[in-house]
file entry18.cif (mmCIF, N, CA and C atoms)
data_start
#
loop_
_atom_site.label_atom_id
_atom_site.label_comp_id
_atom_site.auth_asym_id
_atom_site.auth_seq_id
_atom_site.Cartn_x
_atom_site.Cartn_y
_atom_site.Cartn_z
N MET A 1 -77.86 14.05 -10.63
CA MET A 1 -77.86 15.29 -11.40
C MET A 1 -79.26 15.91 -11.30
N SER A 2 -79.32 17.19 -10.99
CA SER A 2 -80.60 17.86 -10.82
C SER A 2 -81.30 18.05 -12.18
N LEU A 3 -82.58 18.39 -12.12
CA LEU A 3 -83.38 18.60 -13.32
C LEU A 3 -82.74 19.64 -14.24
N ILE A 4 -82.33 20.76 -13.70
CA ILE A 4 -81.76 21.82 -14.54
C ILE A 4 -80.39 21.40 -15.08
N GLU A 5 -79.61 20.69 -14.28
CA GLU A 5 -78.34 20.17 -14.79
C GLU A 5 -78.58 19.17 -15.92
N GLN A 6 -79.61 18.34 -15.80
CA GLN A 6 -79.97 17.41 -16.88
C GLN A 6 -80.36 18.17 -18.15
N TYR A 7 -81.12 19.25 -17.96
CA TYR A 7 -81.57 20.08 -19.08
C TYR A 7 -80.37 20.63 -19.86
N TYR A 8 -79.41 21.19 -19.14
CA TYR A 8 -78.24 21.75 -19.81
C TYR A 8 -77.32 20.66 -20.36
N ALA A 9 -77.22 19.53 -19.70
CA ALA A 9 -76.41 18.42 -20.22
C ALA A 9 -77.01 17.91 -21.54
N ALA A 10 -78.33 17.80 -21.59
CA ALA A 10 -78.99 17.37 -22.83
C ALA A 10 -78.79 18.41 -23.93
N PHE A 11 -78.87 19.70 -23.58
CA PHE A 11 -78.63 20.77 -24.55
C PHE A 11 -77.22 20.64 -25.13
N ASN A 12 -76.22 20.53 -24.26
CA ASN A 12 -74.84 20.45 -24.72
C ASN A 12 -74.58 19.20 -25.55
N ALA A 13 -75.27 18.10 -25.24
CA ALA A 13 -75.12 16.85 -25.99
C ALA A 13 -75.96 16.85 -27.27
N ARG A 14 -76.79 17.88 -27.41
CA ARG A 14 -77.73 17.95 -28.54
C ARG A 14 -78.64 16.72 -28.57
N ASP A 15 -78.97 16.25 -27.38
CA ASP A 15 -79.89 15.12 -27.21
C ASP A 15 -81.29 15.70 -27.06
N TRP A 16 -81.91 16.02 -28.18
CA TRP A 16 -83.17 16.76 -28.16
C TRP A 16 -84.31 15.94 -27.58
N ASP A 17 -84.30 14.62 -27.72
CA ASP A 17 -85.36 13.82 -27.09
C ASP A 17 -85.29 13.96 -25.57
N ALA A 18 -84.11 13.83 -25.00
CA ALA A 18 -83.95 13.98 -23.55
C ALA A 18 -84.26 15.41 -23.13
N PHE A 19 -83.80 16.38 -23.90
CA PHE A 19 -84.02 17.80 -23.61
C PHE A 19 -85.50 18.11 -23.51
N PHE A 20 -86.27 17.75 -24.54
CA PHE A 20 -87.69 18.08 -24.56
C PHE A 20 -88.49 17.25 -23.56
N ASP A 21 -87.98 16.08 -23.18
CA ASP A 21 -88.67 15.25 -22.20
C ASP A 21 -88.67 15.88 -20.81
N LEU A 22 -87.80 16.86 -20.58
CA LEU A 22 -87.68 17.50 -19.27
C LEU A 22 -88.64 18.67 -19.08
N VAL A 23 -89.36 19.05 -20.13
CA VAL A 23 -90.27 20.20 -20.03
C VAL A 23 -91.72 19.76 -20.20
N HIS A 24 -92.61 20.53 -19.57
CA HIS A 24 -94.05 20.28 -19.66
C HIS A 24 -94.54 20.48 -21.09
N ASP A 25 -95.61 19.79 -21.43
CA ASP A 25 -96.25 20.00 -22.73
C ASP A 25 -96.75 21.43 -22.88
N ASP A 26 -97.11 22.06 -21.77
CA ASP A 26 -97.62 23.44 -21.80
C ASP A 26 -96.57 24.43 -21.30
N VAL A 27 -95.30 24.15 -21.58
CA VAL A 27 -94.20 25.01 -21.14
C VAL A 27 -94.40 26.45 -21.59
N LEU A 28 -94.01 27.38 -20.73
CA LEU A 28 -93.98 28.79 -21.07
C LEU A 28 -92.52 29.18 -21.26
N HIS A 29 -92.24 29.88 -22.36
CA HIS A 29 -90.87 30.24 -22.69
C HIS A 29 -90.81 31.75 -22.91
N ASP A 30 -90.10 32.45 -22.03
CA ASP A 30 -89.90 33.89 -22.17
C ASP A 30 -88.60 34.13 -22.89
N LEU A 31 -88.69 34.64 -24.11
CA LEU A 31 -87.50 34.90 -24.92
C LEU A 31 -86.79 36.14 -24.41
N ASN A 32 -85.47 36.15 -24.52
CA ASN A 32 -84.69 37.33 -24.16
C ASN A 32 -85.17 38.49 -25.03
N GLN A 33 -85.58 39.58 -24.40
CA GLN A 33 -86.04 40.78 -25.10
C GLN A 33 -87.12 40.47 -26.13
N GLY A 34 -87.97 39.49 -25.81
CA GLY A 34 -89.02 39.11 -26.74
C GLY A 34 -90.27 38.68 -26.01
N PRO A 35 -91.18 38.10 -26.73
CA PRO A 35 -92.48 37.72 -26.15
C PRO A 35 -92.41 36.42 -25.37
N ARG A 36 -93.50 36.12 -24.69
CA ARG A 36 -93.68 34.81 -24.05
C ARG A 36 -94.32 33.89 -25.09
N GLU A 37 -93.78 32.71 -25.23
CA GLU A 37 -94.35 31.70 -26.10
C GLU A 37 -94.85 30.55 -25.23
N ALA A 38 -95.86 29.84 -25.70
CA ALA A 38 -96.47 28.79 -24.91
C ALA A 38 -96.58 27.49 -25.70
N GLY A 39 -96.34 26.38 -25.01
CA GLY A 39 -96.53 25.06 -25.58
C GLY A 39 -95.25 24.41 -26.07
N LEU A 40 -95.21 23.09 -25.92
CA LEU A 40 -94.03 22.33 -26.30
C LEU A 40 -93.76 22.41 -27.81
N ASP A 41 -94.79 22.36 -28.63
CA ASP A 41 -94.56 22.45 -30.07
C ASP A 41 -93.94 23.78 -30.47
N THR A 42 -94.38 24.86 -29.83
CA THR A 42 -93.83 26.18 -30.09
C THR A 42 -92.37 26.25 -29.62
N PHE A 43 -92.09 25.64 -28.46
CA PHE A 43 -90.72 25.61 -27.95
C PHE A 43 -89.82 24.80 -28.88
N LYS A 44 -90.33 23.68 -29.39
CA LYS A 44 -89.55 22.87 -30.35
C LYS A 44 -89.26 23.67 -31.61
N ALA A 45 -90.23 24.42 -32.11
CA ALA A 45 -90.02 25.24 -33.31
C ALA A 45 -88.97 26.31 -33.04
N PHE A 46 -89.01 26.92 -31.84
CA PHE A 46 -87.99 27.90 -31.46
C PHE A 46 -86.61 27.25 -31.48
N MET A 47 -86.48 26.08 -30.88
CA MET A 47 -85.19 25.41 -30.83
C MET A 47 -84.72 25.02 -32.24
N ASP A 48 -85.63 24.64 -33.12
CA ASP A 48 -85.26 24.34 -34.51
C ASP A 48 -84.67 25.58 -35.17
N ARG A 49 -85.30 26.75 -34.97
CA ARG A 49 -84.78 28.00 -35.52
C ARG A 49 -83.40 28.30 -34.95
N MET A 50 -83.26 28.14 -33.65
CA MET A 50 -81.98 28.40 -32.99
C MET A 50 -80.89 27.48 -33.54
N ASN A 51 -81.21 26.21 -33.67
CA ASN A 51 -80.20 25.24 -34.12
C ASN A 51 -79.80 25.45 -35.57
N ARG A 52 -80.67 26.06 -36.37
CA ARG A 52 -80.29 26.40 -37.74
C ARG A 52 -79.29 27.55 -37.76
N SER A 53 -79.45 28.50 -36.84
CA SER A 53 -78.64 29.72 -36.87
C SER A 53 -77.43 29.69 -35.95
N TYR A 54 -77.46 28.83 -34.91
CA TYR A 54 -76.42 28.87 -33.89
C TYR A 54 -75.98 27.47 -33.50
N SER A 55 -74.70 27.33 -33.25
CA SER A 55 -74.16 26.12 -32.61
C SER A 55 -73.57 26.59 -31.30
N GLU A 56 -74.14 26.11 -30.18
CA GLU A 56 -73.74 26.64 -28.88
C GLU A 56 -73.44 25.53 -27.88
N GLN A 57 -72.53 25.86 -26.98
CA GLN A 57 -72.21 25.01 -25.83
C GLN A 57 -72.19 25.91 -24.60
N LEU A 58 -72.74 25.41 -23.51
CA LEU A 58 -72.75 26.15 -22.26
C LEU A 58 -71.72 25.55 -21.32
N HIS A 59 -71.06 26.41 -20.55
CA HIS A 59 -70.11 25.94 -19.54
C HIS A 59 -70.16 26.88 -18.35
N ASP A 60 -69.41 26.53 -17.31
CA ASP A 60 -69.44 27.29 -16.05
C ASP A 60 -70.88 27.48 -15.59
N ILE A 61 -71.64 26.40 -15.63
CA ILE A 61 -73.06 26.43 -15.27
C ILE A 61 -73.20 26.32 -13.75
N HIS A 62 -73.92 27.27 -13.18
CA HIS A 62 -74.19 27.27 -11.75
C HIS A 62 -75.70 27.33 -11.56
N VAL A 63 -76.25 26.37 -10.83
CA VAL A 63 -77.70 26.26 -10.65
C VAL A 63 -78.04 26.46 -9.19
N MET A 64 -79.09 27.22 -8.95
CA MET A 64 -79.58 27.48 -7.60
C MET A 64 -81.08 27.15 -7.56
N TYR A 65 -81.53 26.58 -6.46
CA TYR A 65 -82.94 26.21 -6.30
C TYR A 65 -83.55 26.94 -5.11
N SER A 66 -84.84 27.22 -5.21
CA SER A 66 -85.57 27.72 -4.05
C SER A 66 -85.68 26.60 -3.03
N ALA A 67 -85.96 26.95 -1.79
CA ALA A 67 -86.03 25.95 -0.71
C ALA A 67 -87.05 24.86 -1.00
N ASP A 68 -88.15 25.22 -1.65
CA ASP A 68 -89.19 24.22 -1.92
C ASP A 68 -89.00 23.52 -3.27
N GLY A 69 -87.99 23.90 -4.05
CA GLY A 69 -87.69 23.25 -5.32
C GLY A 69 -88.59 23.65 -6.47
N SER A 70 -89.47 24.63 -6.26
CA SER A 70 -90.40 25.01 -7.33
C SER A 70 -89.82 26.04 -8.29
N ARG A 71 -88.69 26.62 -7.92
CA ARG A 71 -88.03 27.61 -8.76
C ARG A 71 -86.54 27.29 -8.81
N ALA A 72 -85.93 27.68 -9.93
CA ALA A 72 -84.49 27.52 -10.06
C ALA A 72 -83.96 28.68 -10.89
N ALA A 73 -82.69 28.96 -10.71
CA ALA A 73 -82.00 29.95 -11.51
C ALA A 73 -80.66 29.36 -11.91
N ALA A 74 -80.19 29.78 -13.06
CA ALA A 74 -78.88 29.30 -13.53
C ALA A 74 -78.14 30.45 -14.18
N GLU A 75 -76.84 30.45 -13.99
CA GLU A 75 -75.99 31.35 -14.76
C GLU A 75 -74.94 30.50 -15.45
N TYR A 76 -74.46 30.99 -16.58
CA TYR A 76 -73.56 30.20 -17.40
C TYR A 76 -72.84 31.11 -18.38
N VAL A 77 -71.91 30.52 -19.11
CA VAL A 77 -71.27 31.19 -20.23
C VAL A 77 -71.62 30.36 -21.47
N VAL A 78 -72.03 31.04 -22.51
CA VAL A 78 -72.35 30.37 -23.77
C VAL A 78 -71.26 30.71 -24.78
N ASP A 79 -70.67 29.68 -25.37
CA ASP A 79 -69.73 29.83 -26.47
C ASP A 79 -70.46 29.33 -27.71
N GLY A 80 -70.43 30.12 -28.78
CA GLY A 80 -71.18 29.71 -29.95
C GLY A 80 -70.58 30.16 -31.25
N THR A 81 -71.18 29.65 -32.31
CA THR A 81 -70.86 30.03 -33.67
C THR A 81 -72.16 30.41 -34.35
N TYR A 82 -72.15 31.56 -35.00
CA TYR A 82 -73.32 32.08 -35.71
C TYR A 82 -73.29 31.48 -37.12
N LEU A 83 -74.18 30.53 -37.39
CA LEU A 83 -74.13 29.72 -38.60
C LEU A 83 -74.91 30.27 -39.78
N ALA A 84 -76.09 30.82 -39.50
CA ALA A 84 -76.99 31.27 -40.57
C ALA A 84 -77.74 32.50 -40.07
N ASP A 85 -78.06 33.40 -40.99
CA ASP A 85 -78.75 34.64 -40.63
C ASP A 85 -79.99 34.37 -39.79
N ASP A 86 -80.15 35.18 -38.75
CA ASP A 86 -81.34 35.16 -37.92
C ASP A 86 -82.05 36.49 -38.14
N GLU A 87 -83.34 36.44 -38.34
CA GLU A 87 -84.13 37.62 -38.70
C GLU A 87 -83.88 38.81 -37.77
N GLY A 88 -83.59 39.96 -38.39
CA GLY A 88 -83.40 41.18 -37.64
C GLY A 88 -82.02 41.35 -37.03
N LEU A 89 -81.13 40.41 -37.28
CA LEU A 89 -79.78 40.45 -36.70
C LEU A 89 -78.74 40.54 -37.81
N PRO A 90 -77.49 40.85 -37.47
CA PRO A 90 -76.46 40.97 -38.50
C PRO A 90 -76.31 39.67 -39.31
N PRO A 91 -75.74 39.77 -40.50
CA PRO A 91 -75.52 38.57 -41.32
C PRO A 91 -74.55 37.60 -40.64
N ALA A 92 -74.80 36.33 -40.85
CA ALA A 92 -73.95 35.28 -40.30
C ALA A 92 -72.85 34.92 -41.28
N THR A 93 -71.63 34.84 -40.75
CA THR A 93 -70.48 34.43 -41.57
C THR A 93 -69.61 33.45 -40.80
N GLY A 94 -70.21 32.74 -39.85
CA GLY A 94 -69.44 31.81 -39.04
C GLY A 94 -68.74 32.45 -37.86
N GLN A 95 -69.18 33.66 -37.46
CA GLN A 95 -68.57 34.36 -36.34
C GLN A 95 -68.72 33.54 -35.06
N THR A 96 -67.73 33.65 -34.19
CA THR A 96 -67.81 33.01 -32.88
C THR A 96 -68.08 34.08 -31.82
N TYR A 97 -68.63 33.65 -30.71
CA TYR A 97 -68.95 34.56 -29.62
C TYR A 97 -68.90 33.81 -28.30
N SER A 98 -68.76 34.58 -27.23
CA SER A 98 -68.77 34.04 -25.87
C SER A 98 -69.38 35.11 -24.98
N LEU A 99 -70.45 34.76 -24.28
CA LEU A 99 -71.06 35.74 -23.40
C LEU A 99 -71.78 35.06 -22.25
N PRO A 100 -71.88 35.78 -21.13
CA PRO A 100 -72.61 35.23 -19.99
C PRO A 100 -74.11 35.28 -20.24
N GLY A 101 -74.81 34.37 -19.61
CA GLY A 101 -76.26 34.35 -19.70
C GLY A 101 -76.83 33.82 -18.40
N GLY A 102 -78.13 33.88 -18.33
CA GLY A 102 -78.82 33.37 -17.16
C GLY A 102 -80.22 32.93 -17.51
N ALA A 103 -80.81 32.17 -16.63
CA ALA A 103 -82.17 31.69 -16.86
C ALA A 103 -82.87 31.48 -15.52
N PHE A 104 -84.18 31.64 -15.57
CA PHE A 104 -85.03 31.34 -14.43
C PHE A 104 -86.00 30.26 -14.85
N PHE A 105 -86.29 29.37 -13.93
CA PHE A 105 -87.16 28.23 -14.21
C PHE A 105 -88.25 28.11 -13.16
N GLU A 106 -89.41 27.68 -13.60
CA GLU A 106 -90.48 27.25 -12.71
C GLU A 106 -90.63 25.75 -12.92
N ILE A 107 -90.69 25.02 -11.82
CA ILE A 107 -90.73 23.55 -11.88
C ILE A 107 -92.05 23.07 -11.30
N GLU A 108 -92.68 22.16 -12.02
CA GLU A 108 -93.97 21.62 -11.59
C GLU A 108 -94.01 20.13 -11.90
N ASN A 109 -94.31 19.34 -10.89
CA ASN A 109 -94.41 17.88 -11.05
C ASN A 109 -93.17 17.28 -11.70
N GLY A 110 -92.00 17.77 -11.30
CA GLY A 110 -90.75 17.19 -11.77
C GLY A 110 -90.33 17.58 -13.17
N LYS A 111 -91.05 18.54 -13.78
CA LYS A 111 -90.69 19.00 -15.12
C LYS A 111 -90.63 20.51 -15.14
N ILE A 112 -89.95 21.03 -16.14
CA ILE A 112 -89.81 22.48 -16.29
C ILE A 112 -91.09 23.04 -16.88
N ARG A 113 -91.71 23.95 -16.15
CA ARG A 113 -92.98 24.55 -16.57
C ARG A 113 -92.76 25.90 -17.25
N ARG A 114 -91.71 26.65 -16.81
CA ARG A 114 -91.42 27.96 -17.40
C ARG A 114 -89.91 28.13 -17.50
N ILE A 115 -89.49 28.73 -18.63
CA ILE A 115 -88.08 29.05 -18.88
C ILE A 115 -88.01 30.52 -19.28
N THR A 116 -87.20 31.29 -18.57
CA THR A 116 -87.00 32.70 -18.90
C THR A 116 -85.50 32.90 -19.07
N ASN A 117 -85.08 33.29 -20.28
CA ASN A 117 -83.66 33.44 -20.59
C ASN A 117 -83.25 34.90 -20.69
N TYR A 118 -82.03 35.18 -20.23
CA TYR A 118 -81.47 36.53 -20.32
C TYR A 118 -80.02 36.46 -20.77
N TYR A 119 -79.66 37.39 -21.66
CA TYR A 119 -78.27 37.62 -22.03
C TYR A 119 -78.20 39.04 -22.61
N ASN A 120 -77.01 39.55 -22.79
CA ASN A 120 -76.83 40.91 -23.27
C ASN A 120 -76.77 40.88 -24.79
N LEU A 121 -77.89 41.21 -25.43
CA LEU A 121 -77.97 41.18 -26.88
C LEU A 121 -76.98 42.15 -27.53
N GLN A 122 -76.80 43.31 -26.93
CA GLN A 122 -75.86 44.29 -27.51
C GLN A 122 -74.42 43.76 -27.49
N ASP A 123 -74.06 43.03 -26.44
CA ASP A 123 -72.74 42.42 -26.37
C ASP A 123 -72.60 41.38 -27.49
N TRP A 124 -73.63 40.56 -27.68
CA TRP A 124 -73.59 39.55 -28.75
C TRP A 124 -73.44 40.22 -30.10
N ILE A 125 -74.23 41.28 -30.36
CA ILE A 125 -74.14 41.99 -31.66
C ILE A 125 -72.74 42.57 -31.85
N ARG A 126 -72.17 43.14 -30.80
CA ARG A 126 -70.82 43.69 -30.90
C ARG A 126 -69.82 42.59 -31.28
N GLN A 127 -70.00 41.40 -30.74
CA GLN A 127 -69.06 40.31 -31.01
C GLN A 127 -69.19 39.76 -32.43
N VAL A 128 -70.40 39.71 -32.96
CA VAL A 128 -70.58 39.14 -34.30
C VAL A 128 -70.54 40.19 -35.41
N ASN A 129 -70.59 41.47 -35.02
CA ASN A 129 -70.60 42.56 -36.01
C ASN A 129 -69.71 43.70 -35.50
N PRO A 130 -68.39 43.42 -35.35
CA PRO A 130 -67.49 44.42 -34.74
C PRO A 130 -67.36 45.69 -35.60
#

call {"tool": "encode", "arguments": {"input": "entry18.cif", "output": "structure tokens"}}
result
Amino acid sequence: MSLIEQYYAAFNARDWDAFFDLVHDDVLHDLNQGPREAGLDTFKAFMDRMNRSYSEQLHDIHVMYSADGSRAAAEYVVDGTYLADDEGLPPATGQTYSLPGGAFFEIENGKIRRITNYYNLQDWIRQVNP
């Protein structure tokens, strides 16, 4: 199983020790329509916020690597439940959603150095706030 496949398998299993072990201590995380955050502690805090507000599973995951293995891209479908209000977004009432997403990765010394996530926020808002 490739590094990125391991990353998503750990995410789906909610195995946070394995998940965080796959990223650099100085990981860079580009949020969808948001700022770049730096550092493993900051990434852990982001994931804590996400896990409070969302329960998600990814499927139909397709991973592609650059020839030298230093970059990867993935596309997937995320199925989720909106559990608790997230700042600046509609109120949570247990709404479910399903939408495509994608990510780009930079890999260094066998670990994920950068994660850049993309999804259609307006589609998500439409699904949870029809």

call {"tool": "resolve_selection", "arguments": {"input": "entry18.cif", "expression": "the PyMOL selection byres ((chain A and resi 64-77) around 7)", "output": "number ranges by chain"}}
result
A: 57-63, 78-79, 98-108

call {"tool": "atom_distance", "arguments": {"input": "entry18.cif", "atom1": "atom N of Ala13 (chain A)", "atom2": "atom C of Glu56 (chain A)"}}
result
8.1 Å

call {"tool": "resolve_selection", "arguments": {"input": "entry18.cif", "expression": "the PyMOL selection byres (((chain A and resi 121 and name CA) around 12) and name CA)", "output": "list in words"}}
result
Leu31, Asn32, Gln33, Gly34, Leu89, Pro90, Tyr97, Ser98, Leu99, Pro100, Gly101, Asn117, Tyr118, Tyr119, Asn120, Gln122, Asp123, Trp124, Ile125, Arg126, Gln127, Val128 and Asn129 of chain A

call {"tool": "closest_residue", "arguments": {"input": "entry18.cif", "among": "A:Ala10, A:Thr93, A:Pro130, A:Arg113", "to": "His29 (chain A)", "atoms": "only C-alpha atoms"}}
result
A:Arg113

call {"tool": "atom_distance", "arguments": {"input": "entry18.cif", "atom1": "atom C of Gly80 (chain A)", "atom2": "CA of Phe43 (chain A)"}}
result
20.9 Å

call {"tool": "select_by_dssp", "arguments": {"input": "entry18.cif", "residues": "region 2-123 of chain A", "states": "alpha helix (DSSP H)", "output": "count of residues only"}}
result
34

call {"tool": "atom_distance", "arguments": {"input": "entry18.cif", "atom1": "CA of Gly88 (chain A)", "atom2": "CA of Thr42 (chain A)"}}
result
19.8 Å

call {"tool": "select_by_dssp", "arguments": {"input": "entry18.cif", "residues": "chain A", "states": "strand (DSSP E or B)", "output": "PyMOL selection string"}}
result
chain A and resi 23-30+36-38+54-65+71-82+96-108+111-119

call {"tool": "closest_residue", "arguments": {"input": "entry18.cif", "among": "A:Asp41, A:Arg52, A:Asn12, A:His24", "to": "Asp85 (chain A)", "atoms": "all atoms listed in the file"}}
result
A:Arg52

call {"tool": "residues_around", "arguments": {"input": "entry18.cif", "residues": "Gly94 (chain A)", "least_positions_apart": "5", "cutoff": "8 Å", "atoms": "only C-alpha atoms", "output": "ChimeraX atom specification"}}
result
/A:81-84

call {"tool": "resolve_selection", "arguments": {"input": "entry18.cif", "expression": "the PyMOL selection byres ((chain A and resi 3) around 8)", "output": "ChimeraX atom specification"}}
result
/A:1-2,4-9,22,110-112

call {"tool": "build_atoms", "arguments": {"input": "entry18.cif", "residues": "region 119-128 of chain A", "atoms": "all heavy atoms", "output": "mmCIF file, in the coordinates of the input"}}
result
data_model
loop_
_atom_site.group_PDB
_atom_site.id
_atom_site.type_symbol
_atom_site.label_atom_id
_atom_site.label_comp_id
_atom_site.auth_asym_id
_atom_site.auth_seq_id
_atom_site.Cartn_x
_atom_site.Cartn_y
_atom_site.Cartn_z
ATOM 1 N N TYR A 119 -79.660 37.390 -21.660
ATOM 2 C CA TYR A 119 -78.270 37.620 -22.030
ATOM 3 C C TYR A 119 -78.200 39.040 -22.610
ATOM 4 O O TYR A 119 -79.239 39.652 -22.882
ATOM 5 C CB TYR A 119 -77.750 36.590 -23.040
ATOM 6 C CG TYR A 119 -78.555 36.540 -24.315
ATOM 7 C CD1 TYR A 119 -78.225 37.334 -25.402
ATOM 8 C CD2 TYR A 119 -79.657 35.691 -24.424
ATOM 9 C CE1 TYR A 119 -78.978 37.307 -26.563
ATOM 10 C CE2 TYR A 119 -80.410 35.661 -25.581
ATOM 11 C CZ TYR A 119 -80.069 36.465 -26.647
ATOM 12 O OH TYR A 119 -80.818 36.442 -27.791
ATOM 13 N N ASN A 120 -77.010 39.550 -22.790
ATOM 14 C CA ASN A 120 -76.830 40.910 -23.270
ATOM 15 C C ASN A 120 -76.770 40.880 -24.790
ATOM 16 O O ASN A 120 -75.729 40.590 -25.393
ATOM 17 C CB ASN A 120 -75.535 41.490 -22.677
ATOM 18 C CG ASN A 120 -75.356 42.941 -23.015
ATOM 19 O OD1 ASN A 120 -75.734 43.405 -24.085
ATOM 20 N ND2 ASN A 120 -74.743 43.673 -22.104
ATOM 21 N N LEU A 121 -77.890 41.210 -25.430
ATOM 22 C CA LEU A 121 -77.970 41.180 -26.880
ATOM 23 C C LEU A 121 -76.980 42.150 -27.530
ATOM 24 O O LEU A 121 -76.373 41.827 -28.555
ATOM 25 C CB LEU A 121 -79.399 41.480 -27.346
ATOM 26 C CG LEU A 121 -79.623 41.485 -28.853
ATOM 27 C CD1 LEU A 121 -79.286 40.123 -29.475
ATOM 28 C CD2 LEU A 121 -81.063 41.875 -29.171
ATOM 29 N N GLN A 122 -76.800 43.310 -26.930
ATOM 30 C CA GLN A 122 -75.860 44.290 -27.510
ATOM 31 C C GLN A 122 -74.420 43.760 -27.490
ATOM 32 O O GLN A 122 -73.660 43.999 -28.419
ATOM 33 C CB GLN A 122 -75.970 45.627 -26.791
ATOM 34 C CG GLN A 122 -77.316 46.314 -27.004
ATOM 35 C CD GLN A 122 -77.704 46.426 -28.470
ATOM 36 O OE1 GLN A 122 -76.914 46.888 -29.295
ATOM 37 N NE2 GLN A 122 -78.902 45.987 -28.804
ATOM 38 N N ASP A 123 -74.060 43.030 -26.440
ATOM 39 C CA ASP A 123 -72.740 42.420 -26.370
ATOM 40 C C ASP A 123 -72.600 41.380 -27.490
ATOM 41 O O ASP A 123 -71.585 41.321 -28.183
ATOM 42 C CB ASP A 123 -72.521 41.781 -24.997
ATOM 43 C CG ASP A 123 -71.142 41.177 -24.816
ATOM 44 O OD1 ASP A 123 -70.208 41.510 -25.582
ATOM 45 O OD2 ASP A 123 -70.981 40.359 -23.892
ATOM 46 N N TRP A 124 -73.630 40.560 -27.680
ATOM 47 C CA TRP A 124 -73.590 39.550 -28.750
ATOM 48 C C TRP A 124 -73.440 40.220 -30.100
ATOM 49 O O TRP A 124 -72.612 39.817 -30.921
ATOM 50 C CB TRP A 124 -74.861 38.692 -28.695
ATOM 51 C CG TRP A 124 -74.866 37.648 -29.759
ATOM 52 C CD1 TRP A 124 -74.310 36.406 -29.694
ATOM 53 C CD2 TRP A 124 -75.438 37.767 -31.066
ATOM 54 N NE1 TRP A 124 -74.493 35.738 -30.885
ATOM 55 C CE2 TRP A 124 -75.187 36.559 -31.731
ATOM 56 C CE3 TRP A 124 -76.136 38.760 -31.735
ATOM 57 C CZ2 TRP A 124 -75.619 36.319 -33.036
ATOM 58 C CZ3 TRP A 124 -76.560 38.541 -33.031
ATOM 59 C CH2 TRP A 124 -76.289 37.324 -33.670
ATOM 60 N N ILE A 125 -74.230 41.280 -30.360
ATOM 61 C CA ILE A 125 -74.140 41.990 -31.660
ATOM 62 C C ILE A 125 -72.740 42.570 -31.850
ATOM 63 O O ILE A 125 -72.170 42.462 -32.948
ATOM 64 C CB ILE A 125 -75.225 43.081 -31.742
ATOM 65 C CG1 ILE A 125 -76.606 42.419 -31.885
ATOM 66 C CG2 ILE A 125 -74.956 44.036 -32.915
ATOM 67 C CD1 ILE A 125 -77.781 43.376 -31.789
ATOM 68 N N ARG A 126 -72.170 43.140 -30.800
ATOM 69 C CA ARG A 126 -70.820 43.690 -30.900
ATOM 70 C C ARG A 126 -69.820 42.590 -31.280
ATOM 71 O O ARG A 126 -68.913 42.804 -32.079
ATOM 72 C CB ARG A 126 -70.418 44.331 -29.566
ATOM 73 C CG ARG A 126 -69.028 44.967 -29.579
ATOM 74 C CD ARG A 126 -68.567 45.385 -28.199
ATOM 75 N NE ARG A 126 -68.590 44.306 -27.219
ATOM 76 C CZ ARG A 126 -67.718 43.288 -27.150
ATOM 77 N NH1 ARG A 126 -66.748 43.206 -28.024
ATOM 78 N NH2 ARG A 126 -67.814 42.363 -26.216
ATOM 79 N N GLN A 127 -70.000 41.400 -30.740
ATOM 80 C CA GLN A 127 -69.060 40.310 -31.010
ATOM 81 C C GLN A 127 -69.190 39.760 -32.430
ATOM 82 O O GLN A 127 -68.193 39.370 -33.030
ATOM 83 C CB GLN A 127 -69.249 39.171 -29.994
ATOM 84 C CG GLN A 127 -68.804 39.537 -28.609
ATOM 85 C CD GLN A 127 -68.899 38.363 -27.669
ATOM 86 O OE1 GLN A 127 -68.429 37.272 -27.975
ATOM 87 N NE2 GLN A 127 -69.508 38.593 -26.509
ATOM 88 N N VAL A 128 -70.400 39.710 -32.960
ATOM 89 C CA VAL A 128 -70.580 39.140 -34.300
ATOM 90 C C VAL A 128 -70.540 40.190 -35.410
ATOM 91 O O VAL A 128 -70.462 39.849 -36.583
ATOM 92 C CB VAL A 128 -71.876 38.306 -34.427
ATOM 93 C CG1 VAL A 128 -71.889 37.177 -33.405
ATOM 94 C CG2 VAL A 128 -73.128 39.163 -34.315
#
